[in-house]
$ cat structure.cif   # mmCIF, C-alpha atoms
data_entry
#
loop_
_atom_site.label_atom_id
_atom_site.label_comp_id
_atom_site.auth_asym_id
_atom_site.auth_seq_id
_atom_site.Cartn_x
_atom_site.Cartn_y
_atom_site.Cartn_z
CA MET A 90 23.84 -15.83 -16.82
CA LYS A 91 24.69 -13.93 -13.70
CA LYS A 92 21.63 -12.36 -12.13
CA LYS A 93 21.85 -8.59 -12.25
CA GLU A 94 21.53 -6.98 -8.84
CA TRP A 95 20.27 -3.47 -8.27
CA PRO A 96 22.93 -1.12 -6.89
CA LEU A 97 23.24 -0.57 -3.18
CA PHE A 98 22.10 2.66 -1.54
CA GLU A 99 22.83 4.03 1.92
CA VAL A 100 19.90 5.52 3.80
CA PHE A 101 19.99 8.45 6.22
CA ILE A 102 16.99 9.48 8.29
CA ARG A 103 16.38 12.56 10.36
CA SER A 104 14.14 11.73 13.28
CA LYS A 105 11.51 14.05 14.72
CA ASN A 106 13.76 15.27 17.52
CA GLY A 107 17.05 14.93 15.74
CA LEU A 108 18.83 17.78 14.06
CA GLU A 109 21.00 15.68 11.82
CA HIS A 110 20.44 12.80 9.44
CA ARG A 111 21.80 9.52 10.77
CA HIS A 112 22.81 6.49 8.82
CA VAL A 113 20.19 3.79 9.39
CA GLY A 114 21.14 1.11 6.89
CA SER A 115 21.26 0.23 3.24
CA LEU A 116 19.01 -1.23 0.56
CA HIS A 117 18.91 -2.13 -3.11
CA ALA A 118 17.11 -0.07 -5.73
CA ALA A 119 17.27 0.54 -9.46
CA ASP A 120 17.73 4.30 -9.07
CA SER A 121 17.49 7.03 -6.46
CA ASP A 122 13.73 7.52 -6.93
CA MET A 123 13.11 3.89 -6.16
CA ALA A 124 15.63 4.03 -3.31
CA MET A 125 13.57 6.83 -1.78
CA GLU A 126 10.33 4.81 -1.97
CA ASN A 127 12.07 1.73 -0.64
CA ALA A 128 13.64 3.68 2.21
CA ARG A 129 10.22 4.94 3.16
CA ASP A 130 8.88 1.40 3.26
CA VAL A 131 11.83 -0.30 4.89
CA TYR A 132 13.00 2.32 7.39
CA THR A 133 10.10 4.64 8.30
CA ARG A 134 7.27 2.21 8.94
CA ARG A 135 7.15 3.10 12.62
CA ALA A 136 7.14 6.86 12.16
CA GLU A 137 10.88 7.11 12.72
CA GLY A 138 11.60 10.03 10.50
CA VAL A 139 10.67 13.36 9.02
CA SER A 140 13.31 13.45 6.31
CA ILE A 141 15.16 10.88 4.20
CA TRP A 142 18.42 11.06 2.29
CA VAL A 143 19.57 8.27 -0.01
CA VAL A 144 22.90 8.03 -1.75
CA GLU A 145 24.34 5.30 -3.87
CA SER A 146 26.97 3.50 -1.82
CA ARG A 147 29.60 3.75 -4.53
CA HIS A 148 29.61 7.53 -4.11
CA ILE A 149 30.80 7.21 -0.55
CA MET A 150 34.56 7.29 -0.09
CA ALA A 151 35.48 5.29 2.97
CA SER A 152 38.73 5.41 4.89
CA ASN A 153 40.90 2.34 4.63
CA PRO A 154 41.23 0.44 7.94
CA GLU A 155 44.89 -0.24 7.07
CA HIS A 156 45.53 3.46 7.31
CA ASN A 157 44.09 3.76 10.79
CA GLY A 158 47.59 4.20 12.18
CA GLU A 159 48.49 7.35 10.36
CA LEU A 160 44.98 8.70 10.33
CA PHE A 161 43.91 8.34 13.91
CA GLU A 162 46.72 7.40 16.22
CA PRO A 163 48.60 10.70 16.19
CA ALA A 164 45.61 12.21 17.99
CA GLN A 165 45.80 9.76 20.87
CA ASP A 166 48.71 11.27 22.81
CA LYS A 167 47.44 14.81 22.43
CA VAL A 168 45.27 14.95 25.51
CA TYR A 169 45.37 18.75 25.48
CA ARG A 170 42.99 18.63 22.52
CA HIS A 171 40.27 17.47 24.89
CA PRO A 172 38.82 20.14 27.15
CA THR A 173 39.37 18.03 30.27
CA PHE A 174 41.45 20.54 32.23
CA TYR A 175 38.58 22.65 33.43
CA ASP A 176 37.00 22.37 36.85
CA LEU A 177 33.33 22.01 36.14
CA PRO A 178 30.63 22.97 38.62
CA ASP A 179 28.70 19.93 39.93
CA GLU A 180 25.43 21.28 38.52
CA LEU A 181 26.63 20.66 35.00
CA LYS A 182 25.57 17.17 34.16
CA HIS A 183 25.80 16.46 30.48
CA ILE A 184 29.31 17.40 29.49
CA MET B 230 -31.74 2.42 6.38
CA ASN B 231 -29.32 0.76 8.81
CA ASN B 232 -29.23 -2.34 6.70
CA LYS B 233 -28.36 -0.33 3.60
CA LEU B 234 -25.61 1.53 5.40
CA TYR B 235 -24.33 -1.85 6.58
CA GLU B 236 -24.27 -3.15 3.00
CA TYR B 237 -22.50 -0.02 1.84
CA LEU B 238 -19.83 -0.46 4.52
CA LEU B 239 -19.32 -4.02 3.31
CA MET B 240 -18.74 -2.75 -0.23
CA LEU B 241 -16.10 -0.37 1.07
CA GLY B 242 -14.48 -2.87 3.40
CA ASP B 243 -14.58 -5.96 1.21
CA ASN B 244 -12.61 -4.39 -1.64
CA SER B 245 -9.83 -3.52 0.78
CA MET B 246 -9.98 -6.88 2.50
CA ILE B 247 -9.79 -9.09 -0.59
CA LEU B 248 -7.08 -6.95 -2.18
CA GLY B 249 -5.22 -6.91 1.14
CA HIS B 250 -5.49 -10.68 1.27
CA ARG B 251 -4.13 -11.07 -2.25
CA LEU B 252 -1.15 -8.92 -1.29
CA SER B 253 -0.66 -10.86 1.92
CA GLU B 254 -0.19 -14.01 -0.17
CA LEU B 255 3.04 -12.39 -1.38
CA CYS B 256 4.46 -11.80 2.08
CA GLY B 257 7.87 -13.45 2.00
CA HIS B 258 7.55 -14.08 -1.76
CA GLY B 259 8.08 -10.60 -3.15
CA PRO B 260 10.62 -10.17 -5.95
CA ASN B 261 13.10 -8.72 -3.46
CA LEU B 262 13.17 -7.65 0.16
CA GLU B 263 12.33 -4.01 -0.47
CA THR B 264 9.33 -4.71 -2.71
CA ASP B 265 8.17 -7.47 -0.40
CA ILE B 266 8.02 -5.02 2.50
CA ALA B 267 6.33 -2.37 0.36
CA LEU B 268 3.55 -4.73 -0.75
CA THR B 269 3.08 -6.03 2.77
CA ASN B 270 2.85 -2.45 4.04
CA ILE B 271 0.11 -1.76 1.54
CA SER B 272 -1.67 -4.92 2.63
CA LEU B 273 -1.49 -3.83 6.26
CA ASP B 274 -2.79 -0.36 5.39
CA LEU B 275 -5.75 -1.99 3.67
CA PHE B 276 -6.45 -4.32 6.59
CA GLY B 277 -6.32 -1.34 8.94
CA GLN B 278 -9.04 0.29 6.86
CA VAL B 279 -11.03 -2.93 6.82
CA ARG B 280 -11.02 -3.05 10.62
CA SER B 281 -12.37 0.48 10.83
CA TYR B 282 -15.14 -0.23 8.33
CA PHE B 283 -16.13 -3.52 9.95
CA GLN B 284 -16.03 -2.20 13.50
CA TYR B 285 -18.45 0.45 12.36
CA ALA B 286 -20.50 -2.06 10.36
CA ALA B 287 -20.83 -4.23 13.47
CA GLU B 288 -22.06 -1.24 15.43
CA VAL B 289 -24.57 -0.37 12.71
CA LYS B 290 -25.82 -3.95 12.45
CA GLY B 291 -25.96 -4.52 16.20
CA GLY B 292 -26.67 -7.86 17.88
CA GLU B 293 -24.04 -10.58 17.72
CA PHE B 294 -22.02 -9.03 14.91
CA THR B 295 -18.37 -8.15 15.44
CA GLU B 296 -15.61 -7.12 13.07
CA ASP B 297 -14.39 -10.73 13.12
CA THR B 298 -17.71 -12.36 12.30
CA ILE B 299 -18.16 -9.88 9.46
CA ALA B 300 -14.69 -10.55 8.10
CA PHE B 301 -14.56 -14.30 8.56
CA LEU B 302 -18.00 -15.82 8.86
CA ARG B 303 -19.91 -14.67 5.81
CA LYS B 304 -20.66 -16.94 2.87
CA ASP B 305 -19.23 -16.18 -0.57
CA ARG B 306 -22.47 -14.63 -1.84
CA GLU B 307 -22.41 -12.17 1.06
CA TYR B 308 -19.12 -10.56 0.06
CA ARG B 309 -19.51 -7.26 -1.77
CA HIS B 310 -16.14 -6.63 -3.44
CA VAL B 311 -15.57 -6.21 -7.17
CA LEU B 312 -13.99 -8.90 -9.31
CA LEU B 313 -10.87 -6.84 -9.99
CA VAL B 314 -9.52 -7.31 -6.47
CA GLU B 315 -9.91 -11.08 -6.45
CA GLN B 316 -7.83 -11.58 -9.61
CA PRO B 317 -4.82 -13.79 -8.81
CA ASN B 318 -1.28 -12.50 -8.44
CA GLU B 319 0.06 -14.39 -11.52
CA ASP B 320 3.26 -12.34 -11.85
CA PHE B 321 4.59 -9.01 -10.62
CA GLY B 322 3.02 -7.24 -13.61
CA HIS B 323 -0.43 -8.47 -12.59
CA VAL B 324 0.14 -7.52 -8.95
CA ILE B 325 1.16 -4.01 -9.94
CA GLY B 326 -1.52 -3.68 -12.62
CA ARG B 327 -4.30 -4.73 -10.23
CA GLN B 328 -2.96 -2.42 -7.54
CA PHE B 329 -2.67 0.53 -9.90
CA LEU B 330 -6.14 0.15 -11.37
CA TYR B 331 -7.64 -0.18 -7.93
CA ASP B 332 -5.64 2.74 -6.49
CA SER B 333 -6.74 4.97 -9.35
CA TYR B 334 -10.30 4.36 -8.13
CA HIS B 335 -9.56 4.18 -4.41
CA LEU B 336 -7.95 7.61 -4.05
CA PRO B 337 -10.79 9.66 -5.59
CA LEU B 338 -13.28 7.49 -3.67
CA LEU B 339 -11.66 8.32 -0.34
CA LYS B 340 -11.26 11.98 -1.26
CA GLN B 341 -15.02 12.17 -1.74
CA LEU B 342 -15.80 10.18 1.39
CA THR B 343 -13.88 12.66 3.56
CA GLU B 344 -16.91 14.89 2.85
CA SER B 345 -19.44 12.22 3.81
CA LYS B 346 -22.40 13.26 5.94
CA ASP B 347 -21.69 10.15 8.00
CA GLU B 348 -19.03 11.28 10.44
CA THR B 349 -17.50 7.85 10.99
CA ILE B 350 -17.09 7.21 7.27
CA ALA B 351 -15.61 10.69 6.86
CA ALA B 352 -13.13 10.02 9.67
CA ILE B 353 -12.07 6.65 8.23
CA ALA B 354 -11.64 8.23 4.80
CA HIS B 355 -9.65 11.07 6.26
CA LYS B 356 -7.20 8.65 7.82
CA SER B 357 -7.03 6.37 4.77
CA VAL B 358 -6.71 8.96 2.03
CA LYS B 359 -3.01 9.55 2.72
CA GLU B 360 -2.38 5.83 2.56
CA ALA B 361 -4.17 5.56 -0.76
CA ARG B 362 -2.20 8.50 -2.11
CA TYR B 363 1.00 6.65 -1.33
CA HIS B 364 -0.33 3.39 -2.80
CA LEU B 365 -1.14 5.15 -6.06
CA ARG B 366 2.27 6.76 -6.14
CA PHE B 367 3.95 3.40 -5.57
CA SER B 368 1.88 1.46 -8.10
CA SER B 369 1.95 4.09 -10.84
CA GLU B 370 5.74 4.40 -10.54
CA TRP B 371 6.00 0.66 -11.03
CA VAL B 372 3.59 0.63 -13.98
CA LYS B 373 5.82 3.21 -15.65
CA ARG B 374 9.02 1.36 -14.81
CA LEU B 375 7.76 -1.94 -16.13
CA GLY B 376 5.89 -0.50 -19.11
CA ASP B 377 8.78 1.70 -20.16
CA GLY B 378 11.42 -0.83 -19.11
CA THR B 379 12.78 -3.79 -21.02
CA ASP B 380 10.99 -5.56 -23.86
CA GLU B 381 9.96 -8.34 -21.55
CA SER B 382 8.71 -6.11 -18.74
CA HIS B 383 6.78 -4.02 -21.28
CA GLN B 384 5.16 -7.04 -22.81
CA ARG B 385 4.22 -8.57 -19.44
CA MET B 386 2.85 -5.31 -18.10
CA GLN B 387 0.77 -4.86 -21.26
CA LYS B 388 -0.53 -8.41 -20.88
CA ALA B 389 -1.52 -7.75 -17.28
CA ILE B 390 -3.33 -4.56 -18.25
CA GLU B 391 -5.14 -6.39 -21.08
CA HIS B 392 -6.41 -8.90 -18.56
CA LEU B 393 -7.30 -6.50 -15.75
CA TYR B 394 -8.54 -3.36 -17.50
CA PRO B 395 -12.00 -4.70 -18.46
CA PHE B 396 -12.70 -5.30 -14.75
CA ILE B 397 -12.49 -1.63 -13.74
CA PHE B 398 -15.86 -0.77 -15.23
CA GLU B 399 -17.60 -2.70 -12.51
CA LEU B 400 -16.24 -0.19 -10.01
CA PHE B 401 -18.18 2.62 -11.69
CA GLN B 402 -21.45 0.72 -12.15
CA GLU B 403 -23.79 2.14 -9.57
CA THR B 404 -25.88 -0.28 -7.54
CA ASP B 405 -29.15 0.72 -5.87
CA ILE B 406 -27.42 0.98 -2.52
CA GLU B 407 -24.65 3.18 -3.86
CA LYS B 408 -27.23 5.38 -5.55
CA GLU B 409 -29.15 5.81 -2.33
CA MET B 410 -25.99 6.50 -0.30
CA LYS B 411 -24.94 9.07 -2.86
CA GLU B 412 -28.30 10.81 -2.65
CA LEU B 413 -28.08 10.92 1.14
CA LYS B 414 -24.59 12.40 0.74
CA ILE B 415 -23.17 9.53 2.77
CA GLY B 416 -21.62 7.74 -0.17
CA ALA B 417 -19.58 8.74 -3.19
CA ASP B 418 -20.67 9.75 -6.67
CA LEU B 419 -19.20 7.08 -8.93
CA SER B 420 -19.49 9.13 -12.10
CA ARG B 421 -17.15 11.75 -10.65
CA ILE B 422 -14.74 9.04 -9.51
CA LYS B 423 -14.80 7.52 -12.96
CA GLU B 424 -13.73 10.79 -14.52
CA GLU B 425 -10.72 11.21 -12.24
CA SER B 426 -9.83 7.55 -12.37
CA MET B 427 -9.88 7.33 -16.17
CA THR B 428 -7.73 10.46 -16.40
CA THR B 429 -5.14 8.94 -14.06
CA ILE B 430 -5.16 5.65 -15.94
CA GLY B 431 -4.81 7.40 -19.29
CA GLU B 432 -1.88 9.52 -18.13
CA VAL B 433 0.05 6.77 -16.41
CA LEU B 434 -0.41 4.24 -19.20
CA ALA B 435 0.70 6.84 -21.75
CA ASP B 436 3.82 7.58 -19.66
CA ALA B 437 4.41 3.87 -19.41
CA THR B 438 4.17 3.50 -23.22
CA LEU B 439 1.31 1.04 -22.67
CA LYS B 440 -1.82 0.81 -24.77
CA ILE B 441 -5.29 1.15 -23.28
CA PRO B 442 -7.00 -2.10 -24.21
CA GLU B 443 -9.95 -1.94 -26.54
CA SER B 444 -11.63 -4.98 -25.08
CA ALA B 445 -15.21 -4.62 -23.96
CA PRO B 446 -15.93 -3.84 -20.28
CA ARG B 447 -16.66 -6.88 -18.11
CA MET B 448 -20.08 -6.36 -16.66
CA ALA B 449 -19.58 -8.13 -13.37
CA LYS B 450 -21.83 -8.27 -10.33
CA GLY B 451 -19.39 -8.61 -7.47
CA LYS B 452 -21.08 -5.85 -5.48
CA THR B 453 -24.27 -7.90 -5.35
CA GLY B 454 -22.43 -11.05 -4.34
CA ILE B 455 -21.82 -12.82 -7.66
CA HIS B 456 -18.12 -13.65 -7.79
CA SER B 457 -15.69 -15.65 -9.85
CA GLU B 458 -14.32 -19.07 -8.99
CA HIS B 459 -11.33 -17.40 -7.31
CA LEU B 460 -13.31 -16.33 -4.27
CA GLY B 461 -13.89 -19.85 -2.97
CA PHE B 462 -10.14 -20.45 -2.80
CA ILE B 463 -9.54 -17.09 -1.16
CA LEU B 464 -12.17 -17.75 1.49
CA SER B 465 -10.91 -21.22 2.26
CA ASP B 466 -7.58 -19.61 3.22
CA LEU B 467 -9.02 -16.52 4.81
CA GLN B 468 -11.67 -18.27 6.88
CA TYR B 469 -9.76 -21.41 7.73
CA MET B 470 -8.86 -20.53 11.31
CA GLN B 471 -12.34 -19.32 12.27
CA ARG B 472 -14.01 -22.31 10.63
CA ALA B 473 -11.62 -24.88 12.12
CA TYR B 474 -11.48 -23.29 15.57
CA PRO B 475 -14.70 -21.30 16.00
CA ASP B 476 -14.39 -18.21 18.20
CA MET B 477 -10.64 -18.65 18.53
CA GLN B 478 -8.79 -15.59 19.77
CA TRP B 479 -5.19 -14.53 19.36
#
$ encode --input "structure.cif" --output "structure tokens"
Amino acid sequence: MKKKEWPLFEVFIRSKNGLEHRHVGSLHAADSDMAMENARDVYTRRAEGVSIWVVESRHIMASNPEHNGELFEPAQDKVYRHPTFYDLPDELKHI
Amino acid sequence: MNNKLYEYLLMLGDNSMILGHRLSELCGHGPNLETDIALTNISLDLFGQVRSYFQYAAEVKGGEFTEDTIAFLRKDREYRHVLLVEQPNEDFGHVIGRQFLYDSYHLPLLKQLTESKDETIAAIAHKSVKEARYHLRFSSEWVKRLGDGTDESHQRMQKAIEHLYPFIFELFQETDIEKEMKELKIGADLSRIKEESMTTIGEVLADATLKIPESAPRMAKGKTGIHSEHLGFILSDLQYMQRAYPDMQW
């Protein structure tokens, strides 16, 4: 008999200083309640976060790497979409 | 007085230490990675509490005593934990059952101790109460999952509860030291804890579709140093390093 595995969940954590939830990893759990508890134990042991999201991996639609050409390459020769044509004052550091 | 406070601190610390040790035996052997980490986290929480209690106990006792000598160099009759926490892991049902029954006592205990007249005990309880609240949440969720799960998980959880339930009554049996600490408003009132604890147990077991066993309470005397045969094996692991290499340091 094949051993039944719990479904995979993706975990997103918002850190103390962060504004957005970031993907931190994945884990197995029987349902989303358990995924939440597991995420707390696996990913927030060192006070990394103030908020957790979990979502079952199968609900995430991922782009197909084979389609990278049509999806992403057309943007590459359109330099005018990047705001690089401005003269910035030296005092501005983080742009 | 100091000696009684010392004994009381041992009662508080030893329960956490022996339960923490039992959980540490599972480190790397949990049913899966996530649960393994969760149980090890709980173990580490408990050992953190133990350190606080024993550091304070060493201060109260004075002389040569340190947290390490208190943890590692006592004889079996000098340990003050209840028999529930030394019960072996057996299977995941037993691990969860033991944890749940203890947590249902531990949380109300710590809630009361945050009001202790002894400021150090109150501070330790204040820090630990959030940990215990999480432990209870974790263990009661698992009792419900296993109890209300498959036929096999239900049956094994029920079996674990049958074995462990009679041990909880020892927790509520007041010793002379606990009585005195209660009267001085340093320690907790076990009758109030019992009320809250039994309510929690009743609710969770009902949710879990498990039956409360009818077996008679085990009248054990762990708090006065009389333990089961399990303790010798636990101590031979726990004390090995200090006995083999006295005064060794990390």
$ resolve_selection --input "structure.cif" --expression "the PyMOL selection byres ((chain B) within 10 of (chain A))" --output "VMD selection string"
chain B and resid 261 to 271 363 366 to 367 370 to 371 374
$ resolve_selection --input "structure.cif" --expression "the PyMOL selection byres ((chain B and resi 359) around 12)" --output "PyMOL selection string"
chain B and resi 271+274-275+278+332+335-337+339-340+343+353-358+360-366
$ resolve_selection --input "structure.cif" --expression "the PyMOL selection byres ((chain A and resi 141) around 7)" --output "ChimeraX atom specification"
/A:101-103,140,142-143
$ closest_residue --input "structure.cif" --among "B:Val279, B:Leu234, B:Val433, B:Leu393" --to "Lys408 (chain B)" --atoms "all atoms listed in the file"
B:Leu234
$ atom_distance --input "structure.cif" --atom1 "CA of Glu443 (chain B)" --atom2 "CA of Arg251 (chain B)"
26.6 Å
$ atom_distance --input "structure.cif" --atom1 "CA of Asp243 (chain B)" --atom2 "CA of Leu467 (chain B)"
12.5 Å
$ closest_residue --input "structure.cif" --among "B:Ile397, B:Leu464, B:Leu312, B:Leu338" --to "Ile415 (chain B)" --atoms "all atoms listed in the file"
B:Leu338
$ atom_distance --input "structure.cif" --atom1 "CA of Pro395 (chain B)" --atom2 "CA of Arg447 (chain B)"
5.2 Å
$ closest_residue --input "structure.cif" --among "B:Met470, B:Ile422, B:Pro475, B:Gly451" --to "Leu342 (chain B)" --atoms "all atoms listed in the file"
B:Ile422
$ closest_residue --input "structure.cif" --among "B:Gln468, B:Gln316, B:Gln478, B:Ser444" --to "Ile299 (chain B)" --atoms "only C-alpha atoms"
B:Gln468
$ closest_residue --input "structure.cif" --among "B:Lys414, B:Lys290, B:Lys450, B:Lys388" --to "Gly322 (chain B)" --atoms "all atoms listed in the file"
B:Lys388
$ closest_residue --input "structure.cif" --among "B:Glu403, B:Asp305, B:Asp297, B:Glu348" --to "Met477 (chain B)" --atoms "all atoms listed in the file"
B:Asp297
$ build_atoms --input "structure.cif" --residues "region 315-328 of chain B" --atoms "N, CA and C atoms" --output "PDB file, keeping the file's coordinate frame"
ATOM      1  N   GLU B 315     -10.145  -9.661  -6.716  1.00  0.00           N
ATOM      2  CA  GLU B 315      -9.910 -11.080  -6.450  1.00  0.00           C
ATOM      3  C   GLU B 315      -9.060 -11.740  -7.532  1.00  0.00           C
ATOM      4  N   GLN B 316      -8.670 -11.001  -8.560  1.00  0.00           N
ATOM      5  CA  GLN B 316      -7.830 -11.580  -9.610  1.00  0.00           C
ATOM      6  C   GLN B 316      -6.498 -12.047  -9.007  1.00  0.00           C
ATOM      7  N   PRO B 317      -6.024 -13.220  -9.430  1.00  0.00           N
ATOM      8  CA  PRO B 317      -4.820 -13.790  -8.810  1.00  0.00           C
ATOM      9  C   PRO B 317      -3.540 -13.002  -9.115  1.00  0.00           C
ATOM     10  N   ASN B 318      -2.532 -13.248  -8.310  1.00  0.00           N
ATOM     11  CA  ASN B 318      -1.280 -12.500  -8.440  1.00  0.00           C
ATOM     12  C   ASN B 318      -0.536 -12.789  -9.755  1.00  0.00           C
ATOM     13  N   GLU B 319      -0.585 -14.001 -10.248  1.00  0.00           N
ATOM     14  CA  GLU B 319       0.060 -14.390 -11.520  1.00  0.00           C
ATOM     15  C   GLU B 319       1.555 -14.034 -11.553  1.00  0.00           C
ATOM     16  N   ASP B 320       1.868 -12.774 -11.863  1.00  0.00           N
ATOM     17  CA  ASP B 320       3.260 -12.340 -11.850  1.00  0.00           C
ATOM     18  C   ASP B 320       3.293 -10.906 -11.307  1.00  0.00           C
ATOM     19  N   PHE B 321       4.478 -10.342 -11.214  1.00  0.00           N
ATOM     20  CA  PHE B 321       4.590  -9.010 -10.620  1.00  0.00           C
ATOM     21  C   PHE B 321       3.820  -7.971 -11.438  1.00  0.00           C
ATOM     22  N   GLY B 322       3.788  -8.154 -12.755  1.00  0.00           N
ATOM     23  CA  GLY B 322       3.020  -7.240 -13.610  1.00  0.00           C
ATOM     24  C   GLY B 322       1.549  -7.226 -13.235  1.00  0.00           C
ATOM     25  N   HIS B 323       0.979  -8.394 -12.988  1.00  0.00           N
ATOM     26  CA  HIS B 323      -0.430  -8.470 -12.590  1.00  0.00           C
ATOM     27  C   HIS B 323      -0.649  -7.841 -11.220  1.00  0.00           C
ATOM     28  N   VAL B 324       0.279  -8.084 -10.304  1.00  0.00           N
ATOM     29  CA  VAL B 324       0.140  -7.520  -8.950  1.00  0.00           C
ATOM     30  C   VAL B 324       0.126  -6.002  -9.032  1.00  0.00           C
ATOM     31  N   ILE B 325       1.066  -5.458  -9.812  1.00  0.00           N
ATOM     32  CA  ILE B 325       1.160  -4.010  -9.940  1.00  0.00           C
ATOM     33  C   ILE B 325      -0.016  -3.443 -10.733  1.00  0.00           C
ATOM     34  N   GLY B 326      -0.396  -4.137 -11.801  1.00  0.00           N
ATOM     35  CA  GLY B 326      -1.520  -3.680 -12.620  1.00  0.00           C
ATOM     36  C   GLY B 326      -2.807  -3.624 -11.799  1.00  0.00           C
ATOM     37  N   ARG B 327      -3.088  -4.675 -11.057  1.00  0.00           N
ATOM     38  CA  ARG B 327      -4.300  -4.730 -10.230  1.00  0.00           C
ATOM     39  C   ARG B 327      -4.267  -3.613  -9.192  1.00  0.00           C
ATOM     40  N   GLN B 328      -3.103  -3.447  -8.571  1.00  0.00           N
ATOM     41  CA  GLN B 328      -2.960  -2.420  -7.540  1.00  0.00           C
ATOM     42  C   GLN B 328      -3.180  -1.031  -8.140  1.00  0.00           C
TER      43      GLN B 328
END
